[in-house]
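A.B. asks: Data file run01.cif (mmCIF, C-alpha atoms) is appended below.
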```
data_structure
#
loop_
_atom_site.label_atom_id
_atom_site.label_comp_id
_atom_site.auth_asym_id
_atom_site.auth_seq_id
_atom_site.Cartn_x
_atom_site.Cartn_y
_atom_site.Cartn_z
CA MET A 1054 58.81 0.64 83.11
CA GLN A 1055 57.71 2.25 79.85
CA SER A 1056 58.65 0.34 76.70
CA PRO A 1057 60.74 2.11 74.01
CA LEU A 1058 57.89 1.75 71.51
CA LEU A 1059 55.37 3.35 73.86
CA ALA A 1060 57.86 6.11 74.66
CA TRP A 1061 58.27 6.90 70.96
CA LEU A 1062 54.48 7.05 70.53
CA THR A 1063 53.86 9.34 73.51
CA ASN A 1064 56.96 11.56 73.54
CA GLU A 1065 56.89 14.13 70.70
CA GLU A 1066 60.53 15.15 71.09
CA LEU A 1067 61.78 11.56 71.18
CA LEU A 1068 59.73 10.66 68.11
CA ASN A 1069 61.09 13.64 66.17
CA GLN A 1070 64.65 12.73 67.15
CA LEU A 1071 64.09 9.18 65.94
CA MET A 1072 62.81 10.38 62.55
CA ALA A 1073 65.63 12.90 62.18
CA GLY A 1074 68.22 10.15 62.66
CA LEU A 1075 66.83 7.88 59.94
CA PRO A 1076 67.91 7.89 56.28
CA LEU A 1077 65.35 8.85 53.64
CA TRP A 1078 64.76 5.24 52.62
CA GLY A 1079 64.09 4.42 56.28
CA LEU A 1080 61.48 7.17 56.45
CA LEU A 1081 59.80 5.82 53.31
CA LEU A 1082 59.67 2.32 54.79
CA ILE A 1083 58.13 3.61 58.00
CA MET A 1084 55.57 5.63 56.02
CA ALA A 1085 54.65 2.52 54.04
CA ALA A 1086 54.29 0.54 57.27
CA CYS A 1087 52.12 3.28 58.79
CA VAL A 1088 49.87 3.30 55.73
CA ALA A 1089 49.51 -0.49 56.03
CA VAL A 1090 48.65 -0.24 59.74
CA LEU A 1091 46.16 2.57 59.05
CA SER A 1092 44.46 0.57 56.31
CA LEU A 1093 44.34 -2.66 58.30
CA GLY A 1094 43.12 -0.90 61.41
CA ALA A 1095 40.44 1.01 59.54
CA ASN A 1096 39.26 -2.12 57.72
CA LYS A 1097 38.93 -4.03 61.00
CA MET A 1098 37.04 -1.10 62.45
CA ILE A 1099 34.71 -1.11 59.42
CA ASP A 1100 34.08 -4.84 59.81
CA GLY A 1101 33.16 -4.31 63.43
CA ALA A 1102 30.93 -1.32 62.68
CA VAL A 1103 29.11 -3.13 59.86
CA SER A 1104 28.55 -6.18 62.05
CA LEU A 1105 27.11 -4.03 64.81
CA ALA A 1106 24.90 -2.29 62.26
CA LEU A 1107 23.58 -5.67 61.15
CA HIS A 1108 22.62 -6.47 64.73
CA THR A 1109 20.79 -3.15 65.08
CA GLY A 1110 18.92 -3.53 61.77
CA LEU A 1111 20.11 -0.32 60.06
CA PRO A 1112 19.33 -0.12 56.31
CA ARG A 1113 22.13 -0.85 53.87
CA MET A 1114 22.51 2.69 52.50
CA VAL A 1115 23.34 3.94 56.00
CA ILE A 1116 26.40 1.67 56.00
CA GLY A 1117 27.94 3.25 52.91
CA ALA A 1118 27.02 6.87 53.55
CA THR A 1119 27.59 7.06 57.30
CA ILE A 1120 29.03 4.06 59.19
CA ILE A 1121 31.64 2.94 56.64
CA SER A 1122 32.43 6.57 55.82
CA LEU A 1123 33.02 7.26 59.51
CA GLY A 1124 35.36 4.30 59.67
CA THR A 1125 37.30 5.13 56.51
CA THR A 1126 37.67 8.82 57.40
CA THR A 1127 39.00 8.03 60.88
CA PRO A 1128 42.62 7.93 59.61
CA GLU A 1129 42.22 11.39 58.07
CA ALA A 1130 40.69 12.66 61.30
CA PHE A 1131 43.48 11.40 63.54
CA VAL A 1132 46.21 12.51 61.13
CA SER A 1133 44.71 16.01 60.85
CA VAL A 1134 43.98 16.41 64.56
CA LEU A 1135 47.49 15.31 65.50
CA ALA A 1136 48.98 17.55 62.82
CA ALA A 1137 46.97 20.53 64.09
CA TRP A 1138 47.89 19.77 67.70
CA THR A 1139 51.60 19.74 66.83
CA GLY A 1140 51.31 23.01 64.89
CA ASN A 1141 51.34 21.65 61.33
CA SER A 1142 48.21 23.43 60.04
CA GLY A 1143 49.19 22.99 56.37
CA LEU A 1144 49.41 19.24 56.92
CA ALA A 1145 46.08 19.12 58.80
CA LEU A 1146 44.06 21.15 56.29
CA GLY A 1147 45.86 19.72 53.27
CA ASN A 1148 45.09 16.18 54.38
CA GLY A 1149 41.36 16.90 54.66
CA VAL A 1150 41.08 18.76 51.35
CA GLY A 1151 43.44 16.37 49.57
CA SER A 1152 41.43 13.37 50.77
CA ILE A 1153 38.25 14.85 49.28
CA ILE A 1154 40.01 15.29 45.94
CA CYS A 1155 41.50 11.79 46.16
CA ASP A 1156 38.23 10.09 47.17
CA THR A 1157 36.11 11.65 44.43
CA GLY A 1158 38.70 12.11 41.70
CA LEU A 1159 40.84 9.00 42.03
CA ILE A 1160 38.65 6.41 43.76
CA PHE A 1161 35.28 7.21 42.19
CA GLY A 1162 36.99 7.96 38.87
CA LEU A 1163 38.71 4.56 38.78
CA MET A 1164 35.57 2.69 39.78
CA ALA A 1165 33.36 4.52 37.24
CA VAL A 1166 35.86 3.90 34.43
CA SER A 1167 36.18 0.19 35.20
CA ARG A 1168 32.58 -0.71 36.12
CA ARG A 1169 28.99 0.47 35.66
CA VAL A 1170 28.10 2.50 38.74
CA PRO A 1171 24.43 3.15 39.64
CA VAL A 1172 22.96 6.55 40.50
CA GLN A 1173 20.52 6.27 43.40
CA ARG A 1174 18.81 9.57 42.80
CA TYR A 1175 16.83 9.91 46.02
CA ILE A 1176 19.85 9.55 48.31
CA LEU A 1177 22.41 11.22 46.03
CA GLY A 1178 20.01 14.05 45.26
CA ARG A 1179 20.29 14.99 48.93
CA THR A 1180 23.69 13.81 50.15
CA GLY A 1181 25.22 15.07 46.88
CA TRP A 1182 24.07 18.59 47.71
CA VAL A 1183 25.40 18.23 51.26
CA GLN A 1184 28.71 17.06 49.76
CA VAL A 1185 29.01 20.19 47.60
CA GLY A 1186 27.51 22.45 50.24
CA ALA A 1187 29.94 21.40 52.98
CA ALA A 1188 32.95 22.03 50.73
CA THR A 1189 31.55 25.36 49.53
CA LEU A 1190 30.89 26.39 53.12
CA LEU A 1191 34.49 25.55 54.06
CA VAL A 1192 35.79 27.71 51.21
CA ALA A 1193 33.37 30.54 52.06
CA ILE A 1194 34.49 30.56 55.71
CA SER A 1195 38.14 30.58 54.61
CA VAL A 1196 37.54 33.48 52.21
CA ALA A 1197 35.69 35.39 54.94
CA ALA A 1198 38.62 34.83 57.29
CA LEU A 1199 40.97 36.10 54.57
CA PHE A 1200 39.12 39.39 54.01
CA LEU A 1201 37.54 40.03 57.39
CA GLY A 1202 40.18 38.73 59.78
CA GLN A 1203 43.32 40.41 60.98
CA GLY A 1204 46.55 38.95 59.72
CA ARG A 1205 46.60 35.53 58.09
CA PRO A 1206 43.29 33.67 57.62
CA VAL A 1207 42.58 31.17 60.39
CA LEU A 1208 39.86 28.58 60.94
CA GLY A 1209 39.32 28.97 64.68
CA ARG A 1210 37.98 26.63 67.32
CA GLY A 1211 34.52 28.17 66.90
CA VAL A 1212 34.55 27.16 63.23
CA GLY A 1213 35.64 23.67 64.19
CA ALA A 1214 32.81 23.34 66.72
CA PHE A 1215 30.31 24.66 64.14
CA LEU A 1216 31.42 22.05 61.58
CA LEU A 1217 31.10 19.28 64.18
CA VAL A 1218 27.54 20.40 64.99
CA LEU A 1219 26.75 20.22 61.27
CA LEU A 1220 28.24 16.71 61.26
CA VAL A 1221 25.74 15.53 63.88
CA LEU A 1222 22.90 17.14 61.92
CA TYR A 1223 24.09 15.45 58.69
CA LEU A 1224 24.18 12.00 60.33
CA TYR A 1225 20.66 12.47 61.68
CA MET A 1226 19.28 13.72 58.35
CA SER A 1227 21.01 10.88 56.46
CA TYR A 1228 19.20 8.36 58.62
CA ARG A 1229 15.86 10.11 58.05
CA TRP A 1230 16.41 10.30 54.28
CA VAL A 1231 17.18 6.60 54.08
CA ARG A 1232 14.09 5.70 56.08
CA GLN A 1233 11.93 7.96 53.89
CA SER A 1234 13.38 6.45 50.73
CA GLY A 1235 12.20 3.00 51.71
CA GLY A 1236 15.82 1.81 51.62
CA GLY A 1237 14.69 -1.16 53.62
CA ARG A 1238 16.76 -3.58 55.52
CA MET A 1239 20.18 -4.65 54.38
CA GLY A 1240 20.38 -7.51 51.91
CA GLN A 1241 21.08 -11.01 53.13
CA ASP A 1242 24.11 -11.21 50.84
CA LEU A 1243 25.74 -8.39 52.81
CA ALA A 1244 24.74 -9.94 56.11
CA ALA A 1245 26.38 -13.22 55.10
CA GLU A 1246 29.71 -11.45 54.72
CA HIS A 1247 29.81 -10.39 58.39
CA HIS A 1248 29.29 -13.23 60.87
CA ALA A 1249 30.87 -11.53 63.89
CA GLY A 1250 28.72 -11.24 67.00
CA PRO A 1251 28.40 -8.06 69.07
CA LEU A 1252 31.41 -8.84 71.32
CA LYS A 1253 33.69 -9.76 68.44
CA SER A 1254 32.53 -6.66 66.54
CA ALA A 1255 33.43 -4.48 69.53
CA VAL A 1256 36.89 -6.09 69.68
CA TYR A 1257 37.40 -5.35 65.97
CA ILE A 1258 36.49 -1.71 66.55
CA VAL A 1259 38.85 -1.35 69.54
CA LEU A 1260 41.79 -3.07 67.83
CA GLY A 1261 41.17 -1.16 64.60
CA LEU A 1262 41.09 2.12 66.48
CA ALA A 1263 44.37 1.24 68.21
CA GLY A 1264 45.99 0.57 64.83
CA VAL A 1265 44.70 3.84 63.42
CA LEU A 1266 46.00 5.78 66.43
CA ALA A 1267 49.46 4.21 66.28
CA GLY A 1268 49.79 4.52 62.52
CA SER A 1269 48.70 8.14 62.38
CA ARG A 1270 50.87 9.06 65.37
CA VAL A 1271 54.04 7.91 63.59
CA LEU A 1272 52.99 9.05 60.11
CA ILE A 1273 52.86 12.77 61.07
CA PRO A 1274 56.52 13.33 62.07
CA CYS A 1275 57.63 10.97 59.32
CA ALA A 1276 55.81 13.01 56.65
CA VAL A 1277 57.09 16.29 58.08
CA GLU A 1278 60.69 15.06 58.20
CA GLY A 1279 60.43 13.67 54.68
CA ALA A 1280 59.07 17.01 53.43
CA VAL A 1281 62.01 18.85 55.01
CA ARG A 1282 64.54 16.42 53.51
CA ILE A 1283 63.38 16.78 49.92
CA GLY A 1284 62.33 20.44 50.11
CA VAL A 1285 58.61 19.89 49.47
CA PRO A 1286 56.10 22.06 51.41
CA GLN A 1287 54.06 20.23 54.05
CA ASP A 1288 50.70 20.92 52.42
CA ILE A 1289 51.81 19.28 49.15
CA ILE A 1290 52.85 16.15 51.06
CA ALA A 1291 49.53 16.23 52.91
CA ALA A 1292 47.41 16.74 49.81
CA THR A 1293 49.07 13.90 47.86
CA LEU A 1294 51.10 11.25 49.73
CA VAL A 1295 49.47 11.49 53.15
CA ALA A 1296 46.00 12.11 51.70
CA PHE A 1297 46.38 9.10 49.39
CA GLY A 1298 47.70 6.98 52.25
CA THR A 1299 44.83 7.82 54.58
CA SER A 1300 42.37 7.37 51.68
CA LEU A 1301 43.50 3.79 51.13
CA PRO A 1302 40.68 2.43 53.33
CA GLU A 1303 38.18 4.12 51.01
CA LEU A 1304 39.98 2.67 47.98
CA VAL A 1305 40.08 -0.85 49.45
CA THR A 1306 36.43 -0.56 50.48
CA ALA A 1307 35.44 0.69 47.02
CA ILE A 1308 37.20 -2.17 45.22
CA SER A 1309 35.71 -4.74 47.59
CA ALA A 1310 32.20 -3.28 47.33
CA VAL A 1311 32.25 -3.22 43.52
CA LYS A 1312 33.70 -6.76 43.25
CA LYS A 1313 31.04 -8.12 45.58
CA GLY A 1314 28.24 -6.46 43.64
CA HIS A 1315 27.53 -3.55 45.98
CA PRO A 1316 28.61 -0.46 43.99
CA GLN A 1317 26.01 1.64 45.82
CA ILE A 1318 28.07 1.15 48.99
CA MET A 1319 31.12 2.53 47.15
CA VAL A 1320 29.20 5.62 45.99
CA GLY A 1321 27.72 6.16 49.43
CA ASN A 1322 31.16 5.78 50.99
CA VAL A 1323 32.77 8.32 48.65
CA VAL A 1324 30.00 10.90 49.10
CA GLY A 1325 29.84 10.34 52.84
CA ALA A 1326 33.63 10.48 53.17
CA ASP A 1327 33.71 13.84 51.36
CA VAL A 1328 31.14 15.30 53.75
CA LEU A 1329 32.97 13.88 56.75
CA ASN A 1330 36.33 15.17 55.55
CA CYS A 1331 34.86 18.69 55.64
CA LEU A 1332 32.78 18.42 58.79
CA PHE A 1333 34.54 15.71 60.82
CA VAL A 1334 38.21 15.78 59.78
CA ILE A 1335 38.71 19.53 59.32
CA GLY A 1336 36.17 20.34 62.04
CA ALA A 1337 37.92 18.16 64.63
CA ALA A 1338 41.35 19.49 63.61
CA ALA A 1339 40.21 23.13 63.90
CA ALA A 1340 38.55 22.39 67.25
CA ALA A 1341 41.84 20.91 68.51
CA ARG A 1342 43.86 23.95 67.43
CA PRO A 1343 43.04 26.86 65.06
CA LEU A 1344 44.13 26.10 61.48
CA GLU A 1345 45.96 28.72 59.45
CA VAL A 1346 44.93 28.62 55.78
CA PRO A 1347 48.02 28.85 53.50
CA PRO A 1348 47.71 31.21 50.47
CA ASN A 1349 47.95 28.40 47.92
CA PHE A 1350 44.66 26.92 49.11
CA PHE A 1351 42.77 29.89 47.68
CA PHE A 1352 44.14 29.63 44.14
CA PHE A 1353 44.91 25.92 43.84
CA HIS A 1354 43.67 23.36 46.41
CA TYR A 1355 40.21 24.83 46.97
CA PRO A 1356 39.48 25.38 43.24
CA ALA A 1357 40.56 21.80 42.46
CA MET A 1358 38.29 20.46 45.20
CA LEU A 1359 35.28 22.49 44.03
CA LEU A 1360 35.85 21.56 40.37
CA ILE A 1361 35.74 17.85 41.19
CA LEU A 1362 32.76 18.11 43.55
CA PHE A 1363 30.65 20.32 41.28
CA SER A 1364 31.46 17.99 38.36
CA PHE A 1365 30.16 15.09 40.42
CA ARG A 1366 27.02 17.08 41.28
CA VAL A 1367 26.40 17.84 37.58
CA PHE A 1368 26.87 14.18 36.66
CA ILE A 1369 24.22 13.16 39.23
CA SER A 1370 21.77 15.57 37.58
CA LEU A 1371 22.61 14.44 34.04
CA ASP A 1372 22.40 10.69 34.54
CA ARG A 1373 18.63 10.28 34.58
CA ASP A 1374 18.75 6.67 33.39
CA GLY A 1375 20.29 5.58 36.70
CA TRP A 1376 23.92 5.02 35.69
CA PHE A 1377 27.14 7.04 35.73
CA ARG A 1378 29.02 7.13 32.39
CA ARG A 1379 32.58 5.90 31.93
CA TRP A 1380 33.63 9.23 30.41
CA GLN A 1381 32.49 10.92 33.60
CA GLY A 1382 34.80 8.68 35.59
CA ALA A 1383 37.60 9.49 33.14
CA TRP A 1384 36.97 13.23 33.65
CA MET A 1385 37.20 12.89 37.44
CA LEU A 1386 40.34 10.80 37.18
CA GLY A 1387 41.89 13.27 34.73
CA VAL A 1388 41.26 16.24 37.03
CA TYR A 1389 42.89 14.38 39.92
CA LEU A 1390 45.96 13.42 37.88
CA LEU A 1391 46.32 17.01 36.61
CA TYR A 1392 46.05 18.25 40.20
CA VAL A 1393 48.91 15.99 41.29
CA VAL A 1394 51.11 16.67 38.25
CA LEU A 1395 50.79 20.46 38.56
CA GLN A 1396 51.90 20.35 42.18
CA TYR A 1397 55.15 18.57 41.40
CA THR A 1398 55.99 20.05 38.01
CA LEU A 1399 54.99 23.70 38.50
CA GLY A 1400 55.01 23.87 42.26
CA LEU A 1401 51.43 25.18 42.36
CA GLY A 1402 50.77 23.42 45.61
CA GLY A 1403 53.57 25.15 47.45
#
```
Take the structure in this file and express it as structure tokens.

C.D. replies:
Amino acid sequence: MQSPLLAWLTNEELLNQLMAGLPLWGLLLIMAACVAVLSLGANKMIDGAVSLALHTGLPRMVIGATIISLGTTTPEAFVSVLAAWTGNSGLALGNGVGSIICDTGLIFGLMAVSRRVPVQRYILGRTGWVQVGAATLLVAISVAALFLGQGRPVLGRGVGAFLLVLLVLYLYMSYRWVRQSGGGRMGQDLAAEHHAGPLKSAVYIVLGLAGVLAGSRVLIPCAVEGAVRIGVPQDIIAATLVAFGTSLPELVTAISAVKKGHPQIMVGNVVGADVLNCLFVIGAAAAARPLEVPPNFFFFHYPAMLLILFSFRVFISLDRDGWFRRWQGAWMLGVYLLYVVLQYTLGLGG
């Protein structure tokens, strides 16, 4: 006999009925619980992935730019894929774009303001261009769909498959770049933080994935119902509350990395997460079901994303002494805060 909890997780209609019958404060509590489950699940998955990486001898930069980024972007991927599958394209696309803005504007901005953050020019000189290039490509494809397509612009399954192919190419090139840079093996201080053996690491990954699946499954209808209750468009909710919630693993990872003396992991995670949000999150969502691009993305969400990413690219080029400046972090943080304030005060996101 199927348990009520499992029924709610697998039955779309039953889950929607449950959310519709809850008061607003109940929805907020469930959203908070889902965010906690997503964060805990993603963190366990990261621990398992890092431990496995230690056993395979991958260099440390790979952890920040690829493995940890894959782990921390998994919540965004599941949220966006489930949103696309249930027909909420604004939520799916808004979560991916909003997470890029949140990762680079809020998370990197906060870390750069509070601590000295190094610029590893060889890796960032390449992954930084991929970061900007992936976002620019997404915007270019959307603009082409707007002017060349019939009806409303749509990111089809072919676009999703193309982005996923680029994801595989990016992961391969990242590994080659790190090897060419002489990144070397991971430091013993990082290895000491992860004692789990291969079996325990695999268990962490499986349990973390289960938490991410359950949390994202409940978060979607909860966010949609909350948006309907308070009259806020779905893409605004996705680009702020849901995007921030699913970006919490990146934030927690960034804080932990900086505190433990590994700020390069934080930078690698942010840059890698941005690339993966374009190629993995939005690519997987579009492959699951074609994503319609709402009009406000062209004059608000996309410009905000490109402003933050191109600012980051310029800062990499300027900081030739090997360190990001605190005012640069303040700029990124200011752009993010302005982005959020304009959505709620002027309704530019809707």

A.B. asks: If you count only C-alpha atoms, which residues fall within 7 Å of range 1277-1285 of chain A, apart from same-chain ones fewer than 5 positions away, as a list in words?

C.D. replies: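 Once the nearby chain positions are removed, what remains is Met1072, Ala1073, Leu1077, Leu1080 and Ile1290 of chain A.
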
A.B. asks: Could you write out the selected residues, including C-alpha atoms, as an mmCIF file, in the frame of the given file?

C.D. replies:
```cif
data_model
loop_
_atom_site.group_PDB
_atom_site.id
_atom_site.type_symbol
_atom_site.label_atom_id
_atom_site.label_comp_id
_atom_site.auth_asym_id
_atom_site.auth_seq_id
_atom_site.Cartn_x
_atom_site.Cartn_y
_atom_site.Cartn_z
ATOM 1 C CA MET A 1072 62.810 10.380 62.550
ATOM 2 C CA ALA A 1073 65.630 12.900 62.180
ATOM 3 C CA LEU A 1077 65.350 8.850 53.640
ATOM 4 C CA LEU A 1080 61.480 7.170 56.450
ATOM 5 C CA ILE A 1290 52.850 16.150 51.060
#
```

A.B. asks: Just to confirm, what's the straight-line distance from CA of Phe1365 in chain A to CA of Phe1353 in chain A in Å (one decimal)?

C.D. replies: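 Rounded to one decimal, the two atoms are 18.6 Å apart.
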
A.B. asks: How many Å lie between CA of Tyr1355 in chain A and CA of Trp1230 in chain A, rounded to one decimal?

C.D. replies: 28.8 Å

A.B. asks: If we count all atoms listed in the file and set the cut-off at 9 Å, which residues sit around Ile1154 in chain A, ignoring sequence neighbours fewer than 2 positions away in its own chain? Please answer as a list in words.

C.D. replies: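 Counting only the stated atoms, we get Gly1149, Val1150, Gly1151, Ser1152, Asp1156, Thr1157, Gly1158, Leu1159, Ala1292, Ala1296, Asp1327, His1354, Ala1357, Met1358, Leu1359, Ile1361, Leu1362, Tyr1389 and Tyr1392 of chain A.
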
A.B. asks: Can you find the residues with an atom no farther than 7 Å from (36.5, 27.4, 46.7), counting all atoms listed in the file, and report them as number ranges by chain?

C.D. replies: A: 1189, 1192-1193, 1351, 1355-1356, 1359

A.B. asks: Sorted by chain and rising residue number, which residues of range 1136-1230 of chain A lie within 9 Å of range 1366-1376 of chain A, and what are their closest atom pairs and distances in Å to one decimal, counting all atoms listed in the file, as a tab-separated table?

C.D. replies:
```
residue	atom	partner	partner_atom	distance
A:Arg1169	CA	A:Trp1376	CA	6.8
A:Val1170	CA	A:Trp1376	CA	5.8
A:Pro1171	CA	A:Trp1376	CA	4.4
A:Val1172	CA	A:Gly1375	CA	4.7
A:Gln1173	CA	A:Gly1375	CA	6.7
A:Arg1174	CA	A:Ile1369	CA	7.4
A:Leu1177	CA	A:Ile1369	CA	7.3
A:Gly1178	CA	A:Ile1369	CA	7.4
A:Gly1181	CA	A:Arg1366	CA	6.2
A:Trp1182	CA	A:Arg1366	CA	7.2
A:Gln1184	CA	A:Arg1366	CA	8.6
A:Val1185	CA	A:Arg1366	CA	7.3
```

A.B. asks: Would you pick out the contacts of Ala1086 in chain A at 10 Å or less, using only C-alpha atoms, so that residues sharing its chain but fewer than 4 positions from it are not included, and give the list as an MDAnalysis selection string?

C.D. replies: chainID A and resid 1080:1082 1090:1092 1268 1271:1272

A.B. asks: Can you spell out as a list in words the set of residues that the PyMOL selection byres ((chain A and resi 1321-1326) around 8) selects in the structure I just provided?

C.D. replies: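 When the PyMOL selection byres ((chain A and resi 1321-1326) around 8) is applied, the selected residues are Met1114, Gly1117, Ala1118, Thr1119, Ile1121, Ser1122, Leu1123, Thr1125, Thr1126, Ile1153, Asp1156, Thr1157, Ile1160, Phe1161, Thr1180, Gly1181, Gln1184, Glu1303, Ala1307, Gln1317, Ile1318, Met1319, Val1320, Asp1327, Val1328, Leu1329 and Asn1330 of chain A.
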
A.B. asks: What does the distance from CA of Ala1263 in chain A to CA of Asn1141 in chain A come to in Å, to one decimal?

C.D. replies: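 Computing the Euclidean distance for CA of Ala1263 in chain A and CA of Asn1141 in chain A yields 22.6 Å.
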
A.B. asks: May I ask which of the residues A:Leu1332, A:Leu1071, A:Val1132, A:Leu1395 is the closest one to Leu1222 in chain A, counting only C-alpha atoms?

C.D. replies: A:Leu1332

A.B. asks: Taking all atoms listed in the file into account, which of A:Leu1390, A:Leu1068, A:Leu1262, A:Val1311 comes nearest Ala1130 in chain A?

C.D. replies: A:Leu1262
